[in-house]
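Participant: So here's final_11.cif (mmCIF, C-alpha atoms).
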data_my_file
loop_
_atom_site.label_atom_id
_atom_site.label_comp_id
_atom_site.auth_asym_id
_atom_site.auth_seq_id
_atom_site.Cartn_x
_atom_site.Cartn_y
_atom_site.Cartn_z
CA MET A 1 9.67 34.45 -23.68
CA ASN A 2 8.30 33.48 -27.10
CA ASP A 3 11.59 31.78 -27.95
CA TYR A 4 11.27 29.43 -24.99
CA TYR A 5 9.06 26.36 -24.81
CA VAL A 6 7.97 23.93 -22.12
CA ILE A 7 7.08 20.26 -21.99
CA ASN A 8 4.82 19.24 -19.13
CA LEU A 9 4.87 15.52 -18.47
CA GLY A 10 2.35 13.70 -16.32
CA ARG A 11 2.97 10.04 -15.56
CA GLN A 12 1.76 6.92 -13.84
CA LEU A 13 4.09 5.44 -11.23
CA GLY A 14 6.04 2.63 -12.85
CA SER A 15 5.52 3.91 -16.39
CA GLY A 16 9.10 5.13 -16.71
CA GLY A 17 7.85 8.70 -16.99
CA LYS A 18 10.73 10.28 -15.09
CA GLU A 19 13.34 8.38 -17.12
CA ILE A 20 11.55 9.34 -20.33
CA GLY A 21 11.45 12.97 -19.22
CA GLU A 22 15.15 13.00 -18.35
CA LYS A 23 16.16 11.48 -21.70
CA LEU A 24 13.83 13.74 -23.64
CA ALA A 25 15.15 16.87 -21.93
CA LYS A 26 18.74 15.76 -22.53
CA ASP A 27 18.07 15.04 -26.22
CA LEU A 28 16.46 18.45 -26.68
CA GLY A 29 19.09 20.26 -24.61
CA ILE A 30 16.60 21.78 -22.18
CA ALA A 31 16.38 21.95 -18.39
CA PHE A 32 14.73 19.09 -16.48
CA TYR A 33 12.75 19.62 -13.28
CA ASP A 34 11.17 17.02 -11.04
CA LYS A 35 12.09 16.82 -7.35
CA GLU A 36 14.45 19.76 -7.96
CA LEU A 37 11.40 22.02 -7.71
CA ILE A 38 11.18 21.25 -4.00
CA ASN A 39 14.66 22.66 -3.34
CA LEU A 40 13.99 25.69 -5.54
CA ALA A 41 10.66 26.41 -3.84
CA SER A 42 12.37 26.10 -0.47
CA LYS A 43 15.05 28.62 -1.45
CA GLU A 44 12.49 30.98 -3.00
CA SER A 45 10.28 31.06 0.08
CA GLY A 46 12.81 30.60 2.86
CA LEU A 47 10.80 27.64 4.14
CA CYS A 48 12.53 24.36 4.91
CA LYS A 49 12.19 21.80 2.13
CA GLU A 50 10.53 19.29 4.47
CA PHE A 51 7.31 21.32 4.19
CA PHE A 52 7.35 20.91 0.42
CA GLU A 53 8.31 17.24 0.59
CA LYS A 54 5.39 16.57 2.91
CA ALA A 55 2.97 18.39 0.59
CA ASP A 56 4.48 17.09 -2.67
CA GLU A 57 1.66 16.22 -5.10
CA LYS A 58 -0.93 16.01 -2.33
CA ALA A 59 -4.26 17.83 -2.35
CA SER A 60 -4.94 20.56 0.18
CA GLN A 61 -4.67 19.91 3.89
CA GLY A 62 -3.30 21.82 6.84
CA LEU A 63 0.30 21.04 7.67
CA LEU A 64 0.55 22.93 10.93
CA GLY A 65 -3.00 22.86 12.12
CA GLY A 66 -4.50 25.64 10.02
CA LEU A 67 -6.24 26.02 6.68
CA PHE A 68 -6.94 29.00 4.49
CA GLY A 69 -10.59 29.69 3.97
CA THR A 70 -10.12 29.94 0.21
CA ARG A 71 -8.97 27.33 -2.24
CA PHE A 72 -6.18 29.48 -3.64
CA PRO A 73 -5.05 31.74 -0.80
CA PHE A 74 -4.00 35.27 -1.52
CA ILE A 75 -0.36 35.78 -0.67
CA THR A 76 1.07 39.27 -0.72
CA GLU A 77 4.28 39.95 -2.60
CA GLY A 78 7.28 38.72 -0.63
CA ALA A 79 5.21 37.74 2.38
CA TYR A 80 4.50 34.03 2.53
CA PRO A 81 2.44 32.66 5.42
CA TYR A 82 4.34 30.83 8.10
CA ASN A 83 3.05 29.60 11.47
CA SER A 84 -0.40 28.05 11.76
CA TYR A 85 -1.65 29.21 8.37
CA LEU A 86 0.79 27.18 6.31
CA SER A 87 -1.16 24.76 4.12
CA ASN A 88 -0.69 22.69 0.98
CA ASP A 89 -2.49 25.44 -0.93
CA SER A 90 0.08 28.06 0.04
CA LEU A 91 2.95 25.68 -0.77
CA PHE A 92 1.33 24.96 -4.15
CA LYS A 93 1.21 28.72 -4.78
CA ILE A 94 4.92 29.09 -3.99
CA GLN A 95 5.89 26.12 -6.15
CA SER A 96 3.70 27.42 -8.99
CA ASP A 97 5.49 30.76 -8.88
CA VAL A 98 8.81 28.93 -9.16
CA ILE A 99 7.56 26.97 -12.19
CA ARG A 100 6.39 30.15 -13.91
CA HIS A 101 9.67 31.95 -13.21
CA LEU A 102 11.70 29.06 -14.63
CA ALA A 103 9.54 28.90 -17.76
CA GLU A 104 10.01 32.63 -18.34
CA LYS A 105 13.78 32.40 -18.60
CA GLN A 106 14.47 29.08 -20.34
CA SER A 107 13.05 26.11 -22.20
CA CYS A 108 12.37 23.26 -19.80
CA LEU A 109 10.58 20.01 -19.04
CA PHE A 110 8.53 19.65 -15.87
CA VAL A 111 7.44 16.33 -14.43
CA GLY A 112 4.08 16.39 -12.63
CA ARG A 113 3.12 19.06 -10.09
CA CYS A 114 0.29 20.41 -12.25
CA ALA A 115 2.83 22.25 -14.39
CA ASP A 116 0.56 21.98 -17.42
CA TYR A 117 -2.17 23.83 -15.52
CA VAL A 118 0.23 26.34 -13.96
CA LEU A 119 1.60 27.12 -17.43
CA ARG A 120 -1.74 26.95 -19.24
CA ASP A 121 -1.22 30.45 -20.66
CA HIS A 122 2.30 29.74 -21.91
CA PRO A 123 2.37 30.38 -25.68
CA ARG A 124 4.55 27.34 -26.47
CA CYS A 125 3.85 24.21 -24.48
CA ALA A 126 3.31 20.52 -25.06
CA ASN A 127 1.42 18.54 -22.42
CA VAL A 128 2.13 14.82 -22.38
CA PHE A 129 0.88 11.94 -20.23
CA VAL A 130 2.84 8.70 -19.98
CA SER A 131 1.06 5.53 -18.90
CA ALA A 132 1.92 1.83 -19.12
CA SER A 133 0.18 -1.51 -18.80
CA PRO A 134 -0.36 -2.71 -15.23
CA GLN A 135 2.00 -5.64 -15.76
CA ALA A 136 4.76 -3.43 -17.15
CA ARG A 137 4.39 -1.07 -14.19
CA ILE A 138 4.51 -3.96 -11.72
CA GLU A 139 7.62 -5.42 -13.34
CA ARG A 140 9.38 -2.06 -13.23
CA LEU A 141 8.51 -1.44 -9.59
CA THR A 142 9.42 -4.93 -8.38
CA LYS A 143 12.86 -4.61 -9.98
CA ARG A 144 13.46 -1.02 -8.93
CA LEU A 145 12.26 -1.36 -5.34
CA ASN A 146 12.96 -5.07 -4.83
CA ILE A 147 9.41 -5.75 -3.65
CA SER A 148 6.72 -8.34 -4.33
CA GLU A 149 4.11 -7.96 -7.06
CA GLU A 150 1.41 -7.60 -4.41
CA LYS A 151 3.31 -4.73 -2.78
CA ALA A 152 3.90 -3.12 -6.16
CA GLU A 153 0.17 -3.20 -6.91
CA GLU A 154 -0.57 -1.63 -3.54
CA ILE A 155 1.96 1.17 -4.11
CA MET A 156 0.62 1.78 -7.64
CA GLU A 157 -2.95 2.09 -6.40
CA LYS A 158 -1.99 4.56 -3.68
CA ALA A 159 0.20 6.61 -6.04
CA ASP A 160 -2.51 6.83 -8.69
CA LYS A 161 -5.05 7.94 -6.11
CA LYS A 162 -2.71 10.55 -4.64
CA ARG A 163 -1.63 11.99 -7.99
CA SER A 164 -5.14 12.09 -9.42
CA SER A 165 -6.54 13.76 -6.29
CA TYR A 166 -3.78 16.36 -6.36
CA TYR A 167 -4.09 17.08 -10.07
CA ASN A 168 -7.88 17.13 -10.17
CA TYR A 169 -8.07 19.40 -7.11
CA TYR A 170 -5.68 22.07 -8.34
CA SER A 171 -6.28 21.97 -12.08
CA TYR A 172 -10.03 21.32 -12.32
CA ASN A 173 -9.08 18.85 -15.07
CA THR A 174 -8.90 15.05 -15.02
CA TRP A 175 -5.54 13.36 -14.41
CA GLY A 176 -4.69 10.87 -17.15
CA ALA A 177 -7.72 11.70 -19.33
CA ALA A 178 -6.94 12.10 -23.03
CA ALA A 179 -8.82 15.39 -23.31
CA THR A 180 -6.52 16.94 -20.69
CA TYR A 181 -3.30 16.54 -22.69
CA HIS A 182 -1.92 17.07 -26.18
CA LEU A 183 -0.52 13.53 -26.23
CA CYS A 184 -1.12 10.39 -24.17
CA ILE A 185 1.21 7.46 -24.75
CA ASP A 186 1.65 3.94 -23.36
CA SER A 187 5.38 3.41 -22.77
CA SER A 188 4.97 -0.36 -22.57
CA VAL A 189 4.10 -0.49 -26.28
CA LEU A 190 7.30 1.03 -27.69
CA GLY A 191 9.66 0.79 -24.72
CA ILE A 192 11.44 3.70 -23.05
CA ASN A 193 13.81 4.78 -25.82
CA GLN A 194 11.28 4.58 -28.65
CA THR A 195 8.72 6.38 -26.51
CA VAL A 196 11.25 9.18 -26.06
CA GLU A 197 11.73 9.36 -29.83
CA PHE A 198 7.97 9.37 -30.45
CA ILE A 199 7.34 12.19 -27.98
CA LYS A 200 10.31 14.14 -29.32
CA SER A 201 8.94 13.92 -32.87
CA PHE A 202 5.50 15.03 -31.66
CA VAL A 203 6.88 17.96 -29.65
CA LYS A 204 9.06 19.15 -32.54
CA GLN A 205 6.09 19.20 -34.87
CA LYS A 206 3.71 20.82 -32.40
CA LEU A 207 6.12 23.53 -31.34
CA GLN A 208 7.80 23.84 -34.75
CA LEU A 209 11.27 23.12 -33.43
CA PRO A 210 14.23 22.65 -35.78
#
Let's see the structure in the file written out as structure tokens.
Facilitator:
Amino acid sequence: MNDYYVINLGRQLGSGGKEIGEKLAKDLGIAFYDKELINLASKESGLCKEFFEKADEKASQGLLGGLFGTRFPFITEGAYPYNSYLSNDSLFKIQSDVIRHLAEKQSCLFVGRCADYVLRDHPRCANVFVSASPQARIERLTKRLNISEEKAEEIMEKADKKRSSYYNYYSYNTWGAAATYHLCIDSSVLGINQTVEFIKSFVKQKLQLP
């Protein structure tokens, strides 16, 4: 495992974080995981992916009318809870197991989903947060989604609230805070491609890559 490394990338909606992550992973020749984790978690657990899509980056709540009494429910080996006890906490546990298994067998980049916390004991990791100016985020969202600036602001506010609640709940850290990551960068300063190059240079130095 010591030969493998991971990059965990948090991002604001509209910052270009996913695009940056994809390009960075491609440049480094490593696996890229974002929404793909939902399909993998579904296959791993035997649960339909709609459960994971509904719980994706959302703090704990019952999905089928029941909640575990503990924050991180104990799940016995090979026996995941179905029926009324299925909650976001149990889905987080399943997805976390998938993230750990992937990181054990290859170098990879994970976008969001508290991967930096899940892999906090990984010997070779770089945790990065990508932000952007409000105006840059609005411009990106209006073009990508063909919506008004007012709607873009509304979506941004909701996304930031959802992601921060999810991250803060499961990691006990603060989403987007400099002290939480190894590197925080504003993509609107350098642009997407130069931000990729900057992060790549940082990661290579931190992890001593060739």
Participant: Identify, on the basis of all atoms listed in the file, every residue whose closest approach to stretch 119-132 of chain A does not exceed 7 Å; exclude the query and any residue fewer than 6 positions from it along the same chain; express the result as an MDAnalysis selection string.
Facilitator: chainID A and resid 2 5:12 15 17 100 176 181:188 203 207
Participant: Here is a test: counting all atoms listed in the file, which residue of A:Val98, A:Ile138, A:Leu13, A:Ile20 is nearest to A:Ala41?
Facilitator: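 Nearest to A:Ala41: A:Val98.
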Participant: Here is a test: counting all atoms listed in the file, which residue of A:Ser133, A:Ser148, A:Asn193, A:Ser96 is nearest to A:Ala115?
Facilitator: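 Closest candidate: A:Ser96.
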Participant: Running the PyMOL selection byres ((chain A and resi 157-168) around 12) on this model by hand, what would come out? Give it as number ranges by chain.
Facilitator: A: 10-15, 55-61, 88-89, 92, 111-118, 131, 134, 137-138, 150-156, 169-177, 180
Participant: For the atom pair atom CA of A:Gln95 and atom CA of A:Ala25, what is the interatomic distance in Å to one decimal place?
Facilitator: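 So the two atoms, atom CA of A:Gln95 and atom CA of A:Ala25, lie 20.5 Å apart.
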